[in-house]
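J.: Dropping in query_16.txt, with compact mmCIF, C-alpha atoms and all ligand atoms.
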```txt
# COMPACT_ATOMS: atom_id res chain seq x y z
CA MET A 1 -80.01 139.40 130.76
CA ASN A 2 -77.45 137.09 129.27
CA ALA A 3 -76.85 137.27 125.55
CA LEU A 4 -78.42 134.72 123.24
CA LEU A 5 -76.24 131.83 122.10
CA ASN A 6 -76.66 129.86 118.88
CA GLY A 7 -76.54 126.10 119.05
CA THR A 8 -77.71 122.78 117.67
CA VAL A 9 -80.01 120.44 119.58
CA THR A 10 -77.85 117.33 119.84
CA ALA A 11 -80.14 115.32 122.11
CA SER A 12 -83.79 115.29 123.07
CA PHE A 13 -85.48 113.21 125.75
CA GLY A 14 -88.95 114.10 126.89
CA ARG A 15 -88.92 117.78 127.70
CA HIS A 16 -85.16 117.89 128.12
CA TYR A 17 -82.63 118.79 125.50
CA GLU A 18 -78.91 119.07 125.02
CA VAL A 19 -77.70 121.99 122.97
CA THR A 20 -74.18 122.12 121.57
CA ALA A 21 -72.84 125.56 120.70
CA ALA A 22 -69.73 124.41 118.86
CA PRO A 23 -68.52 120.93 117.88
CA GLY A 24 -66.51 119.35 120.66
CA GLU A 25 -67.81 121.68 123.35
CA PRO A 26 -69.74 120.11 126.22
CA PRO A 27 -73.49 120.43 125.61
CA LEU A 28 -75.77 122.55 127.78
CA GLY A 29 -78.79 120.93 129.42
CA CYS A 30 -81.80 122.92 128.27
CA VAL A 31 -85.54 123.21 128.60
CA ARG A 32 -87.89 125.05 126.27
CA ARG A 33 -89.19 128.47 127.26
CA GLY A 34 -92.85 128.13 128.19
CA LYS A 35 -92.75 124.31 128.11
CA LYS A 36 -93.68 124.27 124.43
CA GLN A 37 -93.02 120.91 122.78
CA ASP A 38 -91.81 122.24 119.48
CA VAL A 39 -88.11 121.39 119.61
CA ALA A 40 -86.50 118.41 117.92
CA CYS A 41 -83.05 116.90 117.75
CA GLY A 42 -81.23 118.60 114.88
CA ASP A 43 -82.89 121.97 115.40
CA GLN A 44 -80.88 125.18 115.26
CA VAL A 45 -81.84 127.19 118.32
CA GLN A 46 -81.04 130.30 120.31
CA ILE A 47 -80.57 129.74 124.00
CA ARG A 48 -80.07 131.89 127.05
CA SER A 49 -77.79 130.60 129.76
CA THR A 50 -79.47 130.13 133.14
CA GLY A 51 -76.48 128.87 135.10
CA LYS A 52 -73.49 126.65 134.74
CA GLY A 53 -74.12 124.16 131.96
CA GLN A 54 -77.79 125.08 131.73
CA GLY A 55 -80.00 127.12 129.49
CA VAL A 56 -83.44 127.86 128.12
CA ILE A 57 -84.31 127.51 124.45
CA GLU A 58 -85.74 130.86 123.42
CA THR A 59 -86.25 130.48 119.66
CA VAL A 60 -86.14 127.74 117.07
CA THR A 61 -84.76 128.61 113.63
CA GLU A 62 -86.93 127.74 110.64
CA ARG A 63 -86.24 124.15 109.59
CA ARG A 64 -85.32 122.73 106.24
CA THR A 65 -87.15 119.47 107.04
CA LEU A 66 -89.14 117.96 109.88
CA LEU A 67 -89.77 114.27 110.44
CA TYR A 68 -92.63 113.66 112.84
CA ARG A 69 -95.49 111.43 113.79
CA ALA A 70 -98.91 112.22 115.15
CA ASP A 71 -102.01 110.51 116.42
CA ALA A 72 -105.41 112.09 117.03
CA ILE A 73 -104.19 113.80 120.19
CA ARG A 74 -100.59 114.87 119.89
CA GLN A 75 -97.61 115.01 117.63
CA LYS A 76 -94.10 113.81 118.35
CA LEU A 77 -91.17 115.37 116.58
CA LEU A 78 -88.48 112.87 115.57
CA ALA A 79 -85.84 115.12 114.08
CA ALA A 80 -85.32 118.41 112.30
CA ASN A 81 -83.06 119.38 109.38
CA VAL A 82 -82.41 115.77 108.45
CA ASP A 83 -81.80 115.09 104.77
CA GLN A 84 -81.75 111.29 104.80
CA VAL A 85 -83.93 108.73 106.60
CA LEU A 86 -82.49 105.26 107.08
CA VAL A 87 -85.13 102.79 108.18
CA VAL A 88 -83.36 99.94 109.95
CA VAL A 89 -84.91 96.47 109.80
CA ALA A 90 -83.57 93.04 110.76
CA PRO A 91 -84.62 89.41 110.44
CA GLU A 92 -84.58 88.96 114.22
CA PRO A 93 -86.63 90.15 116.00
CA ALA A 94 -88.98 90.06 113.02
CA PHE A 95 -89.66 93.51 111.64
CA SER A 96 -93.11 94.89 111.02
CA GLU A 97 -93.68 95.68 107.37
CA GLU A 98 -96.48 98.02 108.38
CA LEU A 99 -94.13 100.09 110.53
CA LEU A 100 -91.61 100.14 107.69
CA THR A 101 -94.36 101.37 105.39
CA ARG A 102 -95.29 104.13 107.82
CA CYS A 103 -91.67 105.28 108.22
CA LEU A 104 -91.23 105.46 104.44
CA LEU A 105 -94.50 107.39 104.09
CA ALA A 106 -93.41 109.90 106.73
CA ALA A 107 -90.11 110.45 104.94
CA ASP A 108 -91.79 110.85 101.55
CA ALA A 109 -94.34 113.26 103.06
CA ALA A 110 -91.53 115.29 104.64
CA GLY A 111 -89.68 115.38 101.33
CA ILE A 112 -86.70 113.51 102.77
CA PRO A 113 -85.06 110.73 100.71
CA ALA A 114 -85.33 107.37 102.47
CA ALA A 115 -83.42 104.12 102.25
CA ILE A 116 -83.84 100.75 103.97
CA VAL A 117 -81.00 99.20 105.94
CA LEU A 118 -81.33 95.45 106.42
CA ASN A 119 -79.10 94.74 109.41
CA LYS A 120 -77.91 91.43 110.91
CA TRP A 121 -76.97 90.06 107.50
CA ASP A 122 -74.68 87.67 109.41
CA LEU A 123 -77.78 85.68 110.45
CA GLY A 124 -77.90 83.92 107.07
CA ALA A 125 -81.12 82.30 105.84
CA PRO A 126 -83.62 84.53 107.69
CA ALA A 127 -81.73 87.59 106.45
CA ILE A 128 -81.94 86.35 102.87
CA ALA A 129 -85.69 85.80 103.31
CA ALA A 130 -86.03 89.37 104.63
CA ALA A 131 -84.14 90.69 101.61
CA GLU A 132 -86.56 88.85 99.31
CA GLN A 133 -89.49 90.43 101.12
CA LEU A 134 -87.86 93.85 100.73
CA ALA A 135 -87.43 93.50 96.96
CA TYR A 136 -90.95 94.93 96.70
CA TYR A 137 -89.60 98.17 98.15
CA THR A 138 -86.50 98.34 95.98
CA ASP A 139 -88.80 97.90 92.97
CA MET A 140 -90.49 101.13 94.07
CA GLY A 141 -87.16 102.93 94.19
CA TYR A 142 -86.15 102.71 97.85
CA PRO A 143 -82.46 101.81 98.06
CA LEU A 144 -81.70 98.72 100.16
CA LEU A 145 -78.41 98.23 102.00
CA ARG A 146 -77.67 94.80 103.43
CA LEU A 147 -75.05 94.67 106.14
CA SER A 148 -74.05 93.46 109.56
CA ALA A 149 -73.39 96.12 112.18
CA ARG A 150 -71.46 93.50 114.11
CA GLN A 151 -69.24 92.34 111.28
CA ASP A 152 -68.87 95.22 108.84
CA PRO A 153 -70.99 98.38 108.64
CA SER A 154 -68.62 100.13 106.20
CA LEU A 155 -71.18 99.94 103.37
CA LEU A 156 -72.96 102.79 105.12
CA GLN A 157 -69.98 105.13 105.32
CA PRO A 158 -70.22 106.60 101.80
CA VAL A 159 -74.01 106.85 102.19
CA LEU A 160 -73.59 109.04 105.28
CA GLN A 161 -71.03 111.37 103.71
CA GLY A 162 -72.27 114.94 103.43
CA HIS A 163 -75.67 114.21 105.00
CA VAL A 164 -77.52 114.51 108.26
CA SER A 165 -79.05 111.04 108.51
CA ILE A 166 -81.42 109.53 111.05
CA LEU A 167 -81.73 105.86 111.93
CA VAL A 168 -85.34 104.93 112.69
CA GLY A 169 -87.07 101.61 113.28
CA GLN A 170 -88.31 99.15 115.83
CA SER A 171 -86.49 98.30 118.99
CA GLY A 172 -83.79 95.67 118.63
CA MET A 173 -83.04 96.23 114.94
CA GLY A 174 -79.49 97.40 115.74
CA LYS A 175 -79.63 101.18 115.32
CA SER A 176 -77.39 101.93 118.29
CA THR A 177 -75.04 99.10 117.38
CA LEU A 178 -74.67 100.77 113.96
CA VAL A 179 -73.97 104.12 115.60
CA ASN A 180 -71.28 102.59 117.79
CA ALA A 181 -69.72 100.90 114.79
CA LEU A 182 -69.74 104.05 112.65
CA VAL A 183 -69.06 106.88 115.08
CA PRO A 184 -65.75 106.84 116.97
CA HIS A 185 -66.28 107.19 120.75
CA ALA A 186 -70.09 107.11 120.40
CA GLN A 187 -70.78 104.60 123.18
CA ALA A 188 -74.50 104.49 122.54
CA ARG A 189 -76.19 101.97 124.77
CA THR A 190 -77.32 98.86 122.93
CA GLY A 191 -79.58 95.94 123.71
CA GLU A 192 -76.68 93.83 124.92
CA ILE A 193 -77.53 92.36 128.31
CA SER A 194 -75.22 94.01 130.79
CA GLN A 195 -74.31 91.48 133.44
CA ALA A 196 -71.62 93.68 134.93
CA LEU A 197 -74.07 96.51 135.54
CA GLY A 198 -76.92 94.16 136.38
CA THR A 199 -79.26 96.43 134.49
CA GLY A 200 -80.67 94.00 131.95
CA ARG A 201 -81.20 95.10 128.39
CA HIS A 202 -80.52 98.63 127.27
CA THR A 203 -82.84 100.33 124.96
CA THR A 204 -82.37 103.82 123.57
CA THR A 205 -84.44 106.49 125.31
CA ALA A 206 -83.06 109.69 123.78
CA THR A 207 -82.78 110.91 120.23
CA ARG A 208 -79.13 111.84 119.84
CA LEU A 209 -77.08 113.47 117.10
CA TYR A 210 -73.49 112.36 116.56
CA ALA A 211 -71.24 114.50 114.40
CA LEU A 212 -69.26 112.49 111.85
CA ASP A 213 -67.40 115.39 110.26
CA ALA A 214 -68.10 119.03 109.50
CA ARG A 215 -70.80 118.16 106.97
CA SER A 216 -72.10 114.80 108.17
CA ALA A 217 -74.00 113.62 111.22
CA LEU A 218 -75.89 110.52 112.30
CA ILE A 219 -78.92 110.55 114.61
CA ASP A 220 -79.89 107.55 116.76
CA SER A 221 -83.50 107.35 117.88
CA PRO A 222 -85.51 105.23 120.32
CA GLY A 223 -87.26 102.16 118.92
CA LEU A 224 -90.68 102.87 117.45
CA GLN A 225 -93.73 100.80 118.31
CA GLU A 226 -96.22 102.86 116.38
CA PHE A 227 -96.10 105.59 113.80
CA GLY A 228 -99.24 107.70 113.48
CA LEU A 229 -99.59 109.81 110.37
CA ALA A 230 -102.72 111.69 111.41
CA TYR A 231 -101.47 114.80 109.62
CA LEU A 232 -101.94 113.18 106.20
CA SER A 233 -105.33 113.43 104.54
CA PRO A 234 -106.79 110.16 103.23
CA ALA A 235 -106.16 111.38 99.67
CA ALA A 236 -102.56 112.29 100.46
CA ILE A 237 -101.92 108.86 101.98
CA ALA A 238 -102.77 107.17 98.70
CA THR A 239 -100.36 109.38 96.79
CA TYR A 240 -97.46 108.35 99.06
CA PHE A 241 -97.97 104.65 98.35
CA ARG A 242 -95.73 104.79 95.33
CA GLU A 243 -97.12 101.68 93.62
CA PHE A 244 -100.74 102.78 94.04
CA SER A 245 -100.42 106.52 93.48
CA GLU A 246 -100.75 106.46 89.70
CA ARG A 247 -103.70 104.03 89.85
CA VAL A 248 -105.84 105.94 92.33
CA GLY A 249 -107.51 108.02 89.62
CA GLN A 250 -108.48 104.89 87.69
CA CYS A 251 -111.09 103.55 90.13
CA ARG A 252 -114.69 103.67 88.88
CA PHE A 253 -115.71 106.03 91.69
CA SER A 254 -113.68 109.16 92.20
CA ASP A 255 -114.25 108.87 95.96
CA CYS A 256 -113.38 105.14 96.02
CA ARG A 257 -112.10 104.03 99.42
CA HIS A 258 -110.59 100.88 97.91
CA LEU A 259 -112.58 98.64 100.26
CA GLN A 260 -115.72 97.02 98.77
CA GLU A 261 -116.36 99.28 95.78
CA PRO A 262 -116.71 97.65 92.34
CA ASP A 263 -114.03 98.31 89.71
CA CYS A 264 -111.45 99.50 92.19
CA ALA A 265 -108.22 99.88 90.22
CA LEU A 266 -106.10 99.27 93.31
CA LYS A 267 -107.91 96.11 94.36
CA ASN A 268 -107.88 94.75 90.81
CA TRP A 269 -104.14 95.37 90.51
CA ALA A 270 -103.40 93.82 93.90
CA ALA A 271 -105.63 90.75 93.51
CA GLY A 272 -103.75 87.48 93.87
CA ASN A 273 -100.46 89.11 94.96
CA PRO A 274 -100.15 88.79 98.74
CA GLN A 275 -97.64 91.62 99.15
CA ARG A 276 -99.68 94.06 97.06
CA GLU A 277 -102.83 93.03 98.97
CA GLN A 278 -101.00 93.57 102.23
CA ARG A 279 -99.85 97.05 101.21
CA LEU A 280 -103.40 97.89 100.15
CA ARG A 281 -104.57 96.85 103.62
CA TYR A 282 -101.99 99.20 105.17
CA LEU A 283 -103.30 101.96 102.92
CA THR A 284 -106.96 101.47 103.89
CA THR A 285 -106.04 101.00 107.57
CA LEU A 286 -104.23 104.33 107.53
CA GLN A 287 -107.08 106.07 105.73
CA GLN A 288 -109.61 104.80 108.28
CA GLU A 289 -107.31 105.68 111.17
CA ASN A 290 -106.96 109.23 109.89
CA GLU A 291 -110.66 109.63 109.21
CA ARG A 292 -111.27 108.70 112.86
CA ALA A 293 -108.52 111.08 114.01
CA ARG A 294 -110.15 113.93 112.11
CA ARG A 295 -113.62 113.41 113.56
CA PRO A 296 -114.33 116.05 116.19
N1 LIG A 301 -76.38 89.08 114.89
C1 LIG A 301 -76.39 90.41 114.93
N2 LIG A 301 -76.87 91.05 116.01
C2 LIG A 301 -76.86 92.39 116.02
C3 LIG A 301 -76.36 93.15 114.93
N3 LIG A 301 -76.52 94.45 115.21
C4 LIG A 301 -77.08 94.51 116.43
N4 LIG A 301 -77.29 93.28 116.93
C5 LIG A 301 -77.85 92.95 118.24
O1 LIG A 301 -79.22 93.34 118.30
C6 LIG A 301 -79.56 93.76 119.62
C7 LIG A 301 -80.23 95.12 119.59
O2 LIG A 301 -79.29 96.08 119.16
P1 LIG A 301 -79.46 97.63 119.44
O3 LIG A 301 -78.38 98.32 118.68
O4 LIG A 301 -79.57 97.93 120.87
O5 LIG A 301 -80.88 97.90 118.76
P2 LIG A 301 -81.66 99.30 118.64
O6 LIG A 301 -82.28 99.31 117.29
O7 LIG A 301 -80.78 100.42 118.98
O8 LIG A 301 -82.82 99.13 119.74
P3 LIG A 301 -83.59 100.31 120.55
O9 LIG A 301 -82.58 101.24 121.12
O10 LIG A 301 -84.39 99.58 121.58
O11 LIG A 301 -84.48 100.98 119.53
C8 LIG A 301 -78.25 93.73 120.41
O12 LIG A 301 -78.19 92.55 121.17
C9 LIG A 301 -77.19 93.75 119.34
O13 LIG A 301 -75.98 93.14 119.73
C10 LIG A 301 -75.83 92.43 113.80
O14 LIG A 301 -75.38 92.99 112.80
N5 LIG A 301 -75.89 91.08 113.85
MG MG A 302 -80.89 101.86 120.38
ZN ZN A 303 -110.37 102.10 94.53
```
Take the structure in the file and give it back as structure tokens.

T.:
Amino acid sequence: MNALLNGTVTASFGRHYEVTAAPGEPPLGCVRRGKKQDVACGDQVQIRSTGKGQGVIETVTERRTLLYRADAIRQKLLAANVDQVLVVVAPEPAFSEELLTRCLLAADAAGIPAAIVLNKWDLGAPAIAAAEQLAYYTDMGYPLLRLSARQDPSLLQPVLQGHVSILVGQSGMGKSTLVNALVPHAQARTGEISQALGTGRHTTTATRLYALDARSALIDSPGLQEFGLAYLSPAAIATYFREFSERVGQCRFSDCRHLQEPDCALKNWAAGNPQREQRLRYLTTLQQENERARRP
């Protein structure tokens, strides 16, 4: 048997992975022993070589953090050992505030600090409107960075220093464009229509880790359409809505579901404020979704 090699998972797509043993070395194409789906980009793994440029992932080292989503049926790992989540939004195409909410909840639940990156700042008025909408989130303590990946992404450079960061968000927000602007030689495919190749729009299909320096890396991920949080109990969900968490215990009924109950502290606080009411709808939607997911 070949000896075990240590490496980092630098790309994951479906059941296929790339594992890099040392920075700068060409990655090995790997599969997981036994077809288990428990490997994520960013994982430290031990692999056994199975031929030129190929290997099998034998063991996964215990992770510091894990960012993942899950519906009633299965879970999908986004990235391991990440210590910063950057949720990328843009004014065009319009971003979903519900998806943003879910990404921030997943980061909070994983114990990973999160920030919001408002990209395409060069678009002017719609970008300013998006920033106004996002003030609600900065009020709760989420940092907001406004920038244009096309014109000048340098605002992000100091934020990335010394961290393993992941860019998450909907398709078309500019995650890969940011990677290309920040990582020399990255060449991540972006949504630019490629006439020369005749292939139409490119969208990211793999989660890929790019080393920035010895202590910093940036992970690009495919655009999200949904973000299930089935692993959170209904009570836990409420605690991760930062503006509601301290008010949950103040409802008249200790098992208040914040729907039609009288003297609901959350509903009373949200009343008349469209953004608060919207966030409360996300909260109750998630609670109902997870109750359904937990039913046998
Ligand atoms: N105006 C403007 N357009 C941008 C900016 N950044 C990215 N875009 C454009 O937005 C489109 C989508 O960019 P991508 O980087 O492919 O988006 P993505 O988030 O990686 O999308 P997925 O890989 O599908 O998740 C492309 O046409 C980019 O050129 C920006 O700062 N300003
Ligand atoms: Mg992309
Ligand atoms: Zn209530």

J.: I'd like the neighbourhood of range 246-248 of chain A as a ChimeraX atom specification, where a residue qualifies if any of its atoms comes within 8 Å (using only C-alpha atoms), though same-chain residues fewer than 6 positions away should be ignored.

T.: /A:238-239,265-266

J.: Go through A:Lys175, A:Arg102, A:Lys52, A:Arg252 one by one, measure the shortest atom-to-atom distance of each to Gly223 in chain A using only C-alpha atoms, and give the residue with the smallest value.

T.: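 The closest residue to Gly223 in chain A is A:Lys175.
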
J.: Would you name the residues within 6 Å of ligand ZN 303 (chain A), counting only C-alpha atoms and all ligand atoms, and put them as an NGL selection string?

T.: :A and (251 or 256-258 or 264-266)

J.: Within 10 Å of range 267-281 of chain A, counting only C-alpha atoms, which residues show up once you throw out same-chain ones fewer than 6 positions away? Write them as a PyMOL selection string, please.

T.: chain A and resi 97-98+101+133+136+238+241+243-244+247+251+258-261+287

J.: Taking all atoms listed in the file into account, produce a table as JSON lines in which each residue of range 104-199 of chain A with an atom at most 12 Å from an atom of range 39-45 of chain A appears once, together with its shortest atom pair and the distance in Å to one decimal, ordered by chain and rising number.

T.:
```
{"residue": "A:Val164", "atom": "CA", "partner": "A:Gly42", "partner_atom": "CA", "distance": 8.6}
{"residue": "A:Ser165", "atom": "CA", "partner": "A:Gly42", "partner_atom": "CA", "distance": 10.1}
{"residue": "A:Ile166", "atom": "CA", "partner": "A:Gly42", "partner_atom": "CA", "distance": 9.8}
```

J.: Please compute the CA of Ser221 in chain A-CA of Leu209 in chain A distance, one decimal, in Å.

T.: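 Going from CA of Ser221 in chain A over to CA of Leu209 in chain A covers 8.9 Å.
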
J.: Go through the chains and note each residue within 8 Å of ligand LIG 301 (chain A), using only C-alpha atoms and all ligand atoms, then give the set as a VMD selection string.

T.: chain A and resid 88 119 to 123 147 to 152 168 to 179 189 to 193 202 to 205 220 to 224

J.: Nearest to Gln75 in chain A: which of A:Val117, A:Leu229, A:Leu160, A:Leu5 is it, counting all atoms listed in the file?

T.: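 Residue with the minimum atom-to-atom distance to Gln75 in chain A: A:Leu229.
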